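Participant: Input start-v4.txt, format and content: compact mmCIF, C-alpha atoms and all ligand atoms.
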```
# COMPACT_ATOMS: atom_id res chain seq x y z
CA MET A 75 -17.12 9.16 18.62
CA THR A 76 -20.27 7.26 19.51
CA GLY A 77 -21.07 5.39 16.31
CA TRP A 78 -19.13 3.78 13.48
CA THR A 79 -16.68 5.46 11.11
CA LEU A 80 -16.98 4.44 7.46
CA GLY A 81 -13.73 4.61 5.44
CA ILE A 82 -13.70 4.94 1.65
CA GLU A 83 -10.63 3.99 -0.41
CA THR A 84 -10.42 4.78 -4.14
CA THR A 85 -6.85 5.89 -4.90
CA ALA A 86 -6.27 3.41 -7.75
CA HIS A 87 -7.72 0.05 -8.86
CA THR A 88 -9.53 -0.74 -5.60
CA PHE A 89 -12.90 0.54 -4.37
CA SER A 90 -13.21 -0.35 -0.73
CA PHE A 91 -15.45 0.48 2.23
CA GLY A 92 -14.17 -0.33 5.73
CA LEU A 93 -15.61 0.08 9.18
CA ILE A 94 -14.17 1.23 12.50
CA ASP A 95 -16.24 0.90 15.64
CA ALA A 96 -16.71 3.55 18.34
CA ASP A 97 -13.60 2.29 20.20
CA GLY A 98 -11.38 2.48 17.11
CA LEU A 99 -11.40 -1.28 16.37
CA PRO A 100 -11.12 -2.20 12.68
CA TYR A 101 -13.34 -4.63 10.74
CA PRO A 102 -12.47 -6.28 7.37
CA SER A 103 -13.30 -4.21 4.30
CA ALA A 104 -15.80 -4.82 1.50
CA SER A 105 -13.69 -4.32 -1.66
CA ASP A 106 -13.80 -4.73 -5.39
CA ILE A 107 -10.63 -4.55 -7.49
CA LEU A 108 -10.60 -3.65 -11.17
CA ARG A 109 -8.62 -6.29 -13.04
CA PRO A 110 -8.15 -5.18 -16.64
CA ASP A 111 -8.21 -8.06 -19.21
CA LYS A 112 -5.13 -6.61 -20.80
CA GLY A 113 -2.90 -3.57 -20.31
CA GLY A 114 -2.51 -1.50 -17.16
CA ILE A 115 -5.07 0.51 -15.24
CA HIS A 116 -6.66 3.33 -17.20
CA PRO A 117 -7.70 5.97 -14.64
CA ARG A 118 -11.04 6.65 -16.38
CA GLU A 119 -11.90 2.96 -16.63
CA ALA A 120 -11.04 2.52 -12.96
CA ALA A 121 -13.24 5.51 -12.07
CA ASP A 122 -16.13 3.99 -14.07
CA HIS A 123 -15.61 0.69 -12.25
CA HIS A 124 -15.73 2.51 -8.91
CA LYS A 125 -19.02 4.23 -9.83
CA ASP A 126 -20.52 0.90 -10.86
CA VAL A 127 -19.68 -0.97 -7.66
CA ALA A 128 -20.16 1.78 -5.05
CA ALA A 129 -23.83 1.20 -4.20
CA SER A 130 -23.71 -2.58 -3.86
CA LEU A 131 -20.45 -2.49 -1.87
CA PHE A 132 -21.96 0.06 0.53
CA THR A 133 -24.80 -2.37 1.30
CA LYS A 134 -22.34 -5.25 1.61
CA ALA A 135 -20.18 -3.30 4.07
CA LEU A 136 -23.12 -2.33 6.31
CA ASP A 137 -24.59 -5.86 6.16
CA SER A 138 -21.27 -7.36 7.22
CA GLN A 139 -21.74 -5.86 10.71
CA ASN A 140 -25.58 -5.74 10.65
CA LEU A 141 -25.56 -1.95 10.59
CA LYS A 142 -28.09 0.60 9.39
CA PRO A 143 -26.99 3.86 7.74
CA SER A 144 -27.98 5.64 10.96
CA ASP A 145 -25.25 3.71 12.84
CA ILE A 146 -22.59 5.60 10.86
CA SER A 147 -21.37 8.69 12.68
CA ALA A 148 -18.51 9.82 10.40
CA ILE A 149 -17.26 9.39 6.83
CA ALA A 150 -13.54 9.22 6.02
CA TYR A 151 -12.13 9.10 2.49
CA SER A 152 -8.75 9.01 0.73
CA GLN A 153 -8.04 12.60 -0.27
CA GLY A 154 -4.74 11.67 -1.98
CA PRO A 155 -2.29 10.76 -3.34
CA GLY A 156 -3.66 8.75 -6.24
CA LEU A 157 -5.23 8.82 -9.67
CA GLY A 158 -7.40 11.93 -10.06
CA PRO A 159 -10.52 10.37 -11.63
CA CYS A 160 -10.52 7.54 -9.05
CA LEU A 161 -10.04 9.88 -6.10
CA ARG A 162 -12.87 12.09 -7.37
CA VAL A 163 -15.36 9.20 -7.27
CA GLY A 164 -14.46 8.40 -3.66
CA ALA A 165 -14.67 12.06 -2.63
CA ALA A 166 -18.06 12.45 -4.34
CA VAL A 167 -19.43 9.34 -2.61
CA ALA A 168 -18.04 10.58 0.71
CA ARG A 169 -19.55 14.08 0.34
CA GLY A 170 -22.88 12.62 -0.70
CA LEU A 171 -23.06 10.20 2.24
CA ALA A 172 -21.87 12.77 4.81
CA THR A 173 -24.36 15.37 3.61
CA ARG A 174 -27.27 12.94 3.48
CA MET A 175 -26.49 11.34 6.85
CA GLU A 176 -25.57 14.70 8.41
CA VAL A 177 -22.30 13.37 9.86
CA PRO A 178 -18.74 14.79 9.85
CA LEU A 179 -16.55 14.28 6.80
CA ILE A 180 -12.78 13.80 6.91
CA GLY A 181 -10.33 13.56 4.02
CA VAL A 182 -7.20 11.59 4.93
CA ASN A 183 -3.75 10.86 3.53
CA HIS A 184 -3.65 7.37 1.96
CA CYS A 185 0.05 6.75 2.71
CA VAL A 186 -0.33 7.77 6.34
CA ALA A 187 -3.32 5.41 6.61
CA HIS A 188 -1.07 2.49 5.60
CA ILE A 189 1.25 3.41 8.49
CA GLU A 190 -1.48 3.79 11.10
CA ILE A 191 -3.26 0.51 10.33
CA GLY A 192 0.15 -1.20 10.50
CA ARG A 193 0.99 0.36 13.87
CA GLN A 194 -2.42 -0.57 15.20
CA GLN A 195 -2.33 -4.16 13.92
CA CYS A 196 1.26 -4.91 14.89
CA GLY A 197 1.42 -3.00 18.14
CA CYS A 198 4.64 -1.24 17.19
CA ASP A 199 5.28 2.28 18.38
CA ASP A 200 7.73 4.32 16.35
CA PRO A 201 8.80 2.29 13.30
CA VAL A 202 10.58 3.07 10.10
CA LEU A 203 7.97 2.23 7.48
CA LEU A 204 8.87 0.44 4.28
CA TYR A 205 5.85 1.24 2.11
CA VAL A 206 5.90 -0.93 -1.00
CA SER A 207 2.77 -0.75 -3.12
CA GLY A 208 1.68 -0.55 -6.74
CA GLY A 209 2.22 3.16 -7.24
CA ASN A 210 4.38 4.04 -4.22
CA THR A 211 7.72 2.95 -2.82
CA GLN A 212 8.83 5.01 0.17
CA VAL A 213 10.89 4.69 3.32
CA ILE A 214 9.24 6.84 5.97
CA ALA A 215 9.95 7.78 9.59
CA ARG A 216 8.27 9.99 12.15
CA LEU A 217 10.24 13.12 13.01
CA ASN A 218 9.03 16.37 14.61
CA GLY A 219 5.31 15.67 14.30
CA ARG A 220 5.23 14.44 10.71
CA TYR A 221 5.97 11.29 8.79
CA ARG A 222 9.02 12.21 6.70
CA VAL A 223 9.95 10.49 3.47
CA LEU A 224 13.62 9.55 3.84
CA GLY A 225 13.89 7.74 0.53
CA GLU A 226 11.63 6.82 -2.35
CA THR A 227 11.46 5.61 -5.91
CA LEU A 228 12.66 8.07 -8.50
CA ASP A 229 10.63 6.43 -11.26
CA ILE A 230 7.92 3.74 -10.96
CA GLY A 231 6.55 2.01 -7.85
CA ILE A 232 7.92 -1.46 -7.11
CA GLY A 233 4.46 -3.06 -7.54
CA ASN A 234 3.97 -1.40 -10.92
CA MET A 235 7.37 -2.72 -11.95
CA LEU A 236 6.40 -6.28 -10.95
CA ASP A 237 2.99 -5.94 -12.64
CA LYS A 238 4.54 -4.60 -15.86
CA PHE A 239 7.15 -7.35 -15.99
CA ALA A 240 4.39 -9.94 -15.44
CA ARG A 241 2.15 -8.35 -18.06
CA ASN A 242 4.94 -8.57 -20.65
CA GLN A 243 5.02 -12.34 -19.98
CA GLY A 244 1.24 -12.63 -20.44
CA ILE A 245 0.48 -12.80 -16.69
CA PRO A 246 -2.64 -10.78 -15.80
CA PHE A 247 -2.81 -8.07 -13.12
CA PRO A 248 -1.82 -8.27 -10.32
CA GLY A 249 1.47 -9.85 -11.33
CA GLY A 250 3.22 -9.67 -7.92
CA PRO A 251 1.64 -12.81 -6.40
CA LYS A 252 2.34 -14.88 -9.54
CA ILE A 253 5.98 -13.71 -9.59
CA GLU A 254 6.25 -14.83 -5.96
CA GLN A 255 4.87 -18.27 -6.91
CA LEU A 256 7.25 -18.61 -9.87
CA ALA A 257 10.22 -17.63 -7.70
CA LEU A 258 9.27 -20.35 -5.20
CA GLN A 259 8.92 -22.82 -8.05
CA TYR A 260 12.48 -21.94 -9.15
CA LEU A 261 13.79 -22.52 -5.62
CA GLU A 262 12.19 -25.96 -5.57
CA ARG A 263 14.09 -27.10 -8.61
CA GLU A 264 17.21 -25.06 -7.74
CA PRO A 265 17.56 -25.14 -3.93
CA HIS A 266 21.03 -23.50 -4.03
CA PRO A 267 20.65 -20.82 -6.69
CA THR A 268 23.38 -18.41 -7.74
CA MET A 269 23.07 -15.10 -9.58
CA GLU A 270 25.27 -16.37 -12.42
CA GLY A 271 23.60 -15.36 -15.67
CA LEU A 272 20.76 -13.72 -13.71
CA GLN A 273 22.41 -10.46 -12.60
CA LEU A 274 20.33 -7.31 -12.73
CA PRO A 275 21.26 -3.69 -12.01
CA TYR A 276 21.12 -2.84 -8.32
CA ALA A 277 19.02 0.25 -8.12
CA VAL A 278 19.89 2.21 -4.97
CA ARG A 279 20.69 5.91 -5.46
CA GLY A 280 21.70 7.27 -2.06
CA MET A 281 18.48 6.93 -0.07
CA ASP A 282 16.37 6.64 -3.22
CA LEU A 283 15.47 3.75 -5.50
CA THR A 284 14.83 3.16 -9.18
CA PHE A 285 13.01 0.25 -10.76
CA SER A 286 12.60 0.93 -14.47
CA GLY A 287 16.20 -0.16 -15.27
CA LEU A 288 15.54 -3.41 -13.41
CA LEU A 289 12.39 -3.96 -15.47
CA THR A 290 14.24 -3.46 -18.76
CA ALA A 291 17.14 -5.70 -17.69
CA ALA A 292 14.84 -8.49 -16.49
CA GLN A 293 13.02 -8.40 -19.82
CA ARG A 294 16.40 -8.63 -21.59
CA LEU A 295 17.23 -11.81 -19.63
CA ILE A 296 13.93 -13.34 -20.81
CA ASP A 297 14.59 -12.22 -24.41
CA ASN A 298 18.01 -13.92 -24.19
CA GLY A 299 16.39 -17.21 -23.16
CA ALA A 300 16.62 -17.26 -19.35
CA PRO A 301 13.79 -19.29 -17.75
CA LEU A 302 10.89 -17.18 -16.47
CA ASP A 303 10.88 -18.67 -12.95
CA ALA A 304 14.63 -17.97 -12.58
CA VAL A 305 14.19 -14.35 -13.67
CA CYS A 306 11.26 -13.92 -11.27
CA TRP A 307 13.50 -15.12 -8.43
CA SER A 308 16.34 -12.77 -9.42
CA LEU A 309 13.96 -9.85 -9.90
CA GLN A 310 12.55 -10.30 -6.40
CA GLU A 311 16.00 -10.69 -4.83
CA HIS A 312 17.32 -7.51 -6.48
CA ALA A 313 14.24 -5.33 -6.00
CA PHE A 314 13.62 -6.36 -2.39
CA ALA A 315 17.30 -6.16 -1.38
CA SER A 316 17.45 -2.55 -2.58
CA CYS A 317 14.37 -1.63 -0.51
CA VAL A 318 15.73 -3.40 2.55
CA GLU A 319 19.10 -1.64 2.16
CA VAL A 320 17.47 1.80 2.19
CA ALA A 321 15.23 0.79 5.11
CA GLU A 322 18.29 -0.36 7.07
CA ARG A 323 20.09 2.91 6.44
CA ALA A 324 16.96 4.78 7.57
CA MET A 325 16.94 2.77 10.81
CA ALA A 326 20.63 3.55 11.35
CA HIS A 327 20.22 7.29 10.66
CA THR A 328 17.13 7.72 12.85
CA GLY A 329 18.19 5.33 15.63
CA LYS A 330 14.84 3.51 15.43
CA SER A 331 14.68 -0.21 16.14
CA GLU A 332 11.30 -1.11 14.62
CA LEU A 333 10.57 -1.71 10.95
CA LEU A 334 7.01 -1.87 9.62
CA LEU A 335 6.00 -3.12 6.18
CA GLY A 336 2.98 -1.76 4.35
CA GLY A 337 1.47 -1.72 0.84
CA GLY A 338 0.43 -4.61 -1.42
CA VAL A 339 3.97 -5.86 -2.08
CA ALA A 340 4.27 -6.41 1.68
CA CYS A 341 2.03 -9.48 1.11
CA ASN A 342 5.18 -11.14 -0.28
CA GLN A 343 6.76 -13.63 2.13
CA ARG A 344 10.25 -13.12 0.71
CA ILE A 345 10.35 -9.38 1.45
CA ARG A 346 8.89 -10.09 4.92
CA THR A 347 11.69 -12.59 5.63
CA MET A 348 14.41 -10.25 4.32
CA CYS A 349 13.12 -7.47 6.58
CA GLU A 350 12.99 -9.79 9.60
CA GLU A 351 16.57 -10.93 9.01
CA MET A 352 17.84 -7.37 8.61
CA ALA A 353 16.03 -6.16 11.74
CA GLU A 354 17.30 -9.11 13.78
CA ASP A 355 20.88 -8.37 12.72
CA ARG A 356 20.38 -4.88 14.16
CA GLU A 357 18.75 -6.26 17.32
CA GLY A 358 15.49 -4.70 16.20
CA ARG A 359 12.16 -6.12 15.03
CA SER A 360 10.27 -6.17 11.77
CA PHE A 361 6.47 -6.18 11.63
CA ALA A 362 3.93 -6.75 8.86
CA PRO A 363 0.16 -6.44 9.19
CA PRO A 364 -2.26 -9.15 7.92
CA LYS A 365 -2.42 -9.17 4.11
CA MET A 366 -5.93 -7.70 3.98
CA TYR A 367 -4.50 -4.58 5.62
CA CYS A 368 -1.38 -4.44 3.41
CA ILE A 369 -3.30 -4.01 0.16
CA ASP A 370 -5.42 -0.90 -0.32
CA ASN A 371 -8.46 -1.11 1.96
CA GLY A 372 -11.20 1.13 3.31
CA THR A 373 -10.59 0.05 6.90
CA MET A 374 -7.24 1.86 7.14
CA ILE A 375 -8.91 5.03 5.81
CA GLY A 376 -11.62 4.68 8.46
CA LEU A 377 -8.99 4.20 11.17
CA LEU A 378 -7.01 7.31 10.26
CA GLY A 379 -10.29 9.25 10.00
CA TRP A 380 -11.28 8.01 13.46
CA LEU A 381 -7.90 9.16 14.86
CA GLU A 382 -7.96 12.57 13.16
CA LEU A 383 -11.60 13.39 13.85
CA LYS A 384 -10.75 13.96 17.50
CA LYS A 385 -8.88 17.08 16.32
CA ARG A 386 -10.32 18.21 12.98
CA ASN A 387 -12.76 17.53 10.17
CA THR A 388 -13.04 18.48 6.51
CA SER A 389 -15.61 21.05 5.35
CA LEU A 390 -17.18 20.62 1.92
CA GLU A 391 -15.10 23.61 0.74
CA GLN A 392 -11.87 21.83 1.78
CA SER A 393 -12.87 18.46 0.44
CA ALA A 394 -11.23 18.63 -3.00
CA ILE A 395 -8.88 15.75 -3.74
CA ASP A 396 -5.10 16.20 -4.04
CA GLN A 397 -3.50 13.75 -6.47
CA TYR A 398 -0.02 14.74 -5.28
CA LEU A 399 -0.62 14.87 -1.51
CA ARG A 400 2.70 14.12 0.18
CA THR A 401 3.21 11.95 3.24
CA ASP A 402 4.85 14.85 5.12
CA GLN A 403 1.99 17.28 4.41
CA THR A 404 -0.15 15.66 7.11
CA PRO A 405 0.60 16.87 10.68
CA ILE A 406 0.33 13.99 13.17
CA VAL A 407 -2.35 15.27 15.53
CA TRP A 408 -3.03 11.88 17.15
CA SER A 409 -0.82 9.66 19.32
P1 LIG A 501 -1.56 -1.71 -3.48
O1 LIG A 501 -1.13 -0.73 -4.55
O2 LIG A 501 -0.98 -1.38 -2.13
O3 LIG A 501 -3.02 -2.01 -3.44
O4 LIG A 501 -0.86 -3.10 -3.86
C1 LIG A 501 -1.02 -3.71 -5.12
C2 LIG A 501 0.32 -4.17 -5.57
O5 LIG A 501 0.80 -5.21 -4.70
C3 LIG A 501 0.31 -4.76 -6.97
O6 LIG A 501 1.38 -4.19 -7.68
C4 LIG A 501 0.55 -6.26 -6.72
O7 LIG A 501 1.24 -6.90 -7.78
C5 LIG A 501 1.38 -6.23 -5.48
N1 LIG A 501 1.32 -7.51 -4.74
C6 LIG A 501 0.26 -8.10 -4.16
N2 LIG A 501 0.60 -9.29 -3.62
C7 LIG A 501 1.93 -9.45 -3.87
C8 LIG A 501 2.89 -10.48 -3.58
N3 LIG A 501 2.55 -11.60 -2.94
N4 LIG A 501 4.17 -10.28 -3.99
C9 LIG A 501 4.53 -9.16 -4.65
N5 LIG A 501 3.67 -8.16 -4.96
C10 LIG A 501 2.40 -8.31 -4.57
MG MG A 502 -1.71 1.87 -1.19
```
Now that the file is in, can you turn its structure into structure tokens?
Facilitator:
Amino acid sequence: MTGWTLGIETTAHTFSFGLIDADGLPYPSASDILRPDKGGIHPREAADHHKDVAASLFTKALDSQNLKPSDISAIAYSQGPGLGPCLRVGAAVARGLATRMEVPLIGVNHCVAHIEIGRQQCGCDDPVLLYVSGGNTQVIARLNGRYRVLGETLDIGIGNMLDKFARNQGIPFPGGPKIEQLALQYLEREPHPTMEGLQLPYAVRGMDLTFSGLLTAAQRLIDNGAPLDAVCWSLQEHAFASCVEVAERAMAHTGKSELLLGGGVACNQRIRTMCEEMAEDREGRSFAPPKMYCIDNGTMIGLLGWLELKKRNTSLEQSAIDQYLRTDQTPIVWS
């Protein structure tokens, strides 16, 4: 590749353009996140948001590296999984730009992009990935040329669970960072906390996870008068411990010694620390990329596009989105 690869991310609430240079080096994304005043994300409203911000963000992204449109030599976009109306906006922008600029187009797997930006940023080789985001919660490992999902949520994503709990307490989206703050606040006034009166169901089912029971039970604690900061602490401890338990079992089963965090919830310092402690106990290592590459971002899409374009590209006929694209549907054709 001689020029720059432009990555386009639109799987959910975020519209983001990111840039990868000719050598595969990533540059920070230009992003805009829909933050609804109340309620969750409505896919159509998010798609409208994405249409509204696309043109100005495109200019912002190019200006950030002093580029002209002619410096772009490939367009990568999230082909799935995600919300249909949101994905369609990204795919339409990608097709339009690729056709107009006469450059190759490549549709990539959003979940796999989280893994590859993490590997690139952290310098790890063959990790078990704990992917904890708004809509997704998966434990993934590479096996026979694909990233295989070894365990995942059976109901809602961990981030959606945190956001919903927060929303019920009047905390606007995204609720995860505020829950983290409240949990820290609780630890300041209660440096030696116990779970007494704050127990929640522990939601591991074999290698899979569930979070909706946790959400209901946490709300019940609030309804019964438990302090919000205490419940936030307990909610984090329970939800994160269940993810770390499945990740540890995945490391044991696969014999891998590296753990890599990805997804927006990986911004949370508590889950980072829990992963580090677990990995150290196993004489392994846990890694987490910078926060700007944990949340959804166009740069990771550009990076996976840059990697895959050495082997394939996407024709206009193949460029339809796939809301339900699975992590293991994407053959790993790069190293
Ligand atoms: P993503 O879907 O990967 O873009 O990530 C968005 C999700 O990450 C939302 O559910 C946020 O609430 C969550 N999130 C972001 N920062 C934090 C944090 N510090 N702690 C917990 N969750 C977070
Ligand atoms: Mg994501």
Participant: Give the answer as one residue: which of A:Leu217, A:Val186, A:Leu93, A:Ile253 has the shortest atom-to-atom distance to ligand MG 502 (chain A), using all atoms listed in the file?
Facilitator: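 The answer is A:Val186, which sits nearest to ligand MG 502 (chain A).
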Participant: What's around Gln310 of chain A at 9 Å? Count only C-alpha atoms, leave out sequence neighbours fewer than 6 positions away in its own chain, and write the answer as an mmCIF file with C-alpha atoms, in the frame of the given file.
Facilitator:
```cif
data_model
loop_
_atom_site.group_PDB
_atom_site.id
_atom_site.type_symbol
_atom_site.label_atom_id
_atom_site.label_comp_id
_atom_site.auth_asym_id
_atom_site.auth_seq_id
_atom_site.Cartn_x
_atom_site.Cartn_y
_atom_site.Cartn_z
ATOM 1 C CA LEU A 236 6.400 -6.280 -10.950
ATOM 2 C CA ILE A 253 5.980 -13.710 -9.590
ATOM 3 C CA GLU A 254 6.250 -14.830 -5.960
ATOM 4 C CA ALA A 257 10.220 -17.630 -7.700
ATOM 5 C CA ARG A 344 10.250 -13.120 0.710
ATOM 6 C CA ILE A 345 10.350 -9.380 1.450
#
```
Participant: Measuring between all atoms listed in the file, which one of A:Val318, A:Leu171, A:Ile107, A:Leu377 shows the shortest distance to Glu350 of chain A?
Facilitator: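 Smallest separation from Glu350 of chain A among the options: A:Val318.
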Participant: Write out as a PDB file with C-alpha atoms, in the coordinates of the input each polymer residue whose atoms come within 9 Å of Met235 of chain A, counting only C-alpha atoms; drop sequence neighbours fewer than 5 positions from it.
Facilitator:
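part.pdb, freshly written:
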```pdb
ATOM      1  CA  GLY A 208       1.680  -0.550  -6.740  1.00  0.00           C
ATOM      2  CA  ILE A 230       7.920   3.740 -10.960  1.00  0.00           C
ATOM      3  CA  ALA A 240       4.390  -9.940 -15.440  1.00  0.00           C
ATOM      4  CA  PHE A 285      13.010   0.250 -10.760  1.00  0.00           C
ATOM      5  CA  SER A 286      12.600   0.930 -14.470  1.00  0.00           C
ATOM      6  CA  LEU A 288      15.540  -3.410 -13.410  1.00  0.00           C
ATOM      7  CA  LEU A 289      12.390  -3.960 -15.470  1.00  0.00           C
TER       8      LEU A 289
END
```
Participant: Got a sec to check which residues lie within 10 Å of ligand LIG 501 (chain A), using all atoms listed in the file, and send them as a PDB file with C-alpha atoms, keeping the file's coordinate frame?
Facilitator:
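File pocket_0.pdb, as written:
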```pdb
ATOM      1  CA  THR A  85      -6.850   5.890  -4.900  1.00  0.00           C
ATOM      2  CA  ALA A  86      -6.270   3.410  -7.750  1.00  0.00           C
ATOM      3  CA  HIS A  87      -7.720   0.050  -8.860  1.00  0.00           C
ATOM      4  CA  THR A  88      -9.530  -0.740  -5.600  1.00  0.00           C
ATOM      5  CA  ILE A 107     -10.630  -4.550  -7.490  1.00  0.00           C
ATOM      6  CA  GLY A 156      -3.660   8.750  -6.240  1.00  0.00           C
ATOM      7  CA  CYS A 185       0.050   6.750   2.710  1.00  0.00           C
ATOM      8  CA  HIS A 188      -1.070   2.490   5.600  1.00  0.00           C
ATOM      9  CA  TYR A 205       5.850   1.240   2.110  1.00  0.00           C
ATOM     10  CA  VAL A 206       5.900  -0.930  -1.000  1.00  0.00           C
ATOM     11  CA  SER A 207       2.770  -0.750  -3.120  1.00  0.00           C
ATOM     12  CA  GLY A 208       1.680  -0.550  -6.740  1.00  0.00           C
ATOM     13  CA  GLY A 209       2.220   3.160  -7.240  1.00  0.00           C
ATOM     14  CA  ASN A 210       4.380   4.040  -4.220  1.00  0.00           C
ATOM     15  CA  THR A 211       7.720   2.950  -2.820  1.00  0.00           C
ATOM     16  CA  GLY A 231       6.550   2.010  -7.850  1.00  0.00           C
ATOM     17  CA  ILE A 232       7.920  -1.460  -7.110  1.00  0.00           C
ATOM     18  CA  GLY A 233       4.460  -3.060  -7.540  1.00  0.00           C
ATOM     19  CA  ASN A 234       3.970  -1.400 -10.920  1.00  0.00           C
ATOM     20  CA  MET A 235       7.370  -2.720 -11.950  1.00  0.00           C
ATOM     21  CA  LEU A 236       6.400  -6.280 -10.950  1.00  0.00           C
ATOM     22  CA  ASP A 237       2.990  -5.940 -12.640  1.00  0.00           C
ATOM     23  CA  LYS A 238       4.540  -4.600 -15.860  1.00  0.00           C
ATOM     24  CA  ALA A 240       4.390  -9.940 -15.440  1.00  0.00           C
ATOM     25  CA  PRO A 246      -2.640 -10.780 -15.800  1.00  0.00           C
ATOM     26  CA  PHE A 247      -2.810  -8.070 -13.120  1.00  0.00           C
ATOM     27  CA  PRO A 248      -1.820  -8.270 -10.320  1.00  0.00           C
ATOM     28  CA  GLY A 249       1.470  -9.850 -11.330  1.00  0.00           C
ATOM     29  CA  GLY A 250       3.220  -9.670  -7.920  1.00  0.00           C
ATOM     30  CA  PRO A 251       1.640 -12.810  -6.400  1.00  0.00           C
ATOM     31  CA  LYS A 252       2.340 -14.880  -9.540  1.00  0.00           C
ATOM     32  CA  ILE A 253       5.980 -13.710  -9.590  1.00  0.00           C
ATOM     33  CA  GLU A 254       6.250 -14.830  -5.960  1.00  0.00           C
ATOM     34  CA  GLN A 255       4.870 -18.270  -6.910  1.00  0.00           C
ATOM     35  CA  GLN A 310      12.550 -10.300  -6.400  1.00  0.00           C
ATOM     36  CA  PHE A 314      13.620  -6.360  -2.390  1.00  0.00           C
ATOM     37  CA  GLY A 336       2.980  -1.760   4.350  1.00  0.00           C
ATOM     38  CA  GLY A 337       1.470  -1.720   0.840  1.00  0.00           C
ATOM     39  CA  GLY A 338       0.430  -4.610  -1.420  1.00  0.00           C
ATOM     40  CA  VAL A 339       3.970  -5.860  -2.080  1.00  0.00           C
ATOM     41  CA  ALA A 340       4.270  -6.410   1.680  1.00  0.00           C
ATOM     42  CA  CYS A 341       2.030  -9.480   1.110  1.00  0.00           C
ATOM     43  CA  ASN A 342       5.180 -11.140  -0.280  1.00  0.00           C
ATOM     44  CA  GLN A 343       6.760 -13.630   2.130  1.00  0.00           C
ATOM     45  CA  ARG A 344      10.250 -13.120   0.710  1.00  0.00           C
ATOM     46  CA  ILE A 345      10.350  -9.380   1.450  1.00  0.00           C
ATOM     47  CA  LYS A 365      -2.420  -9.170   4.110  1.00  0.00           C
ATOM     48  CA  MET A 366      -5.930  -7.700   3.980  1.00  0.00           C
ATOM     49  CA  TYR A 367      -4.500  -4.580   5.620  1.00  0.00           C
ATOM     50  CA  CYS A 368      -1.380  -4.440   3.410  1.00  0.00           C
ATOM     51  CA  ILE A 369      -3.300  -4.010   0.160  1.00  0.00           C
ATOM     52  CA  ASP A 370      -5.420  -0.900  -0.320  1.00  0.00           C
ATOM     53  CA  ASN A 371      -8.460  -1.110   1.960  1.00  0.00           C
TER      54      ASN A 371
END
```
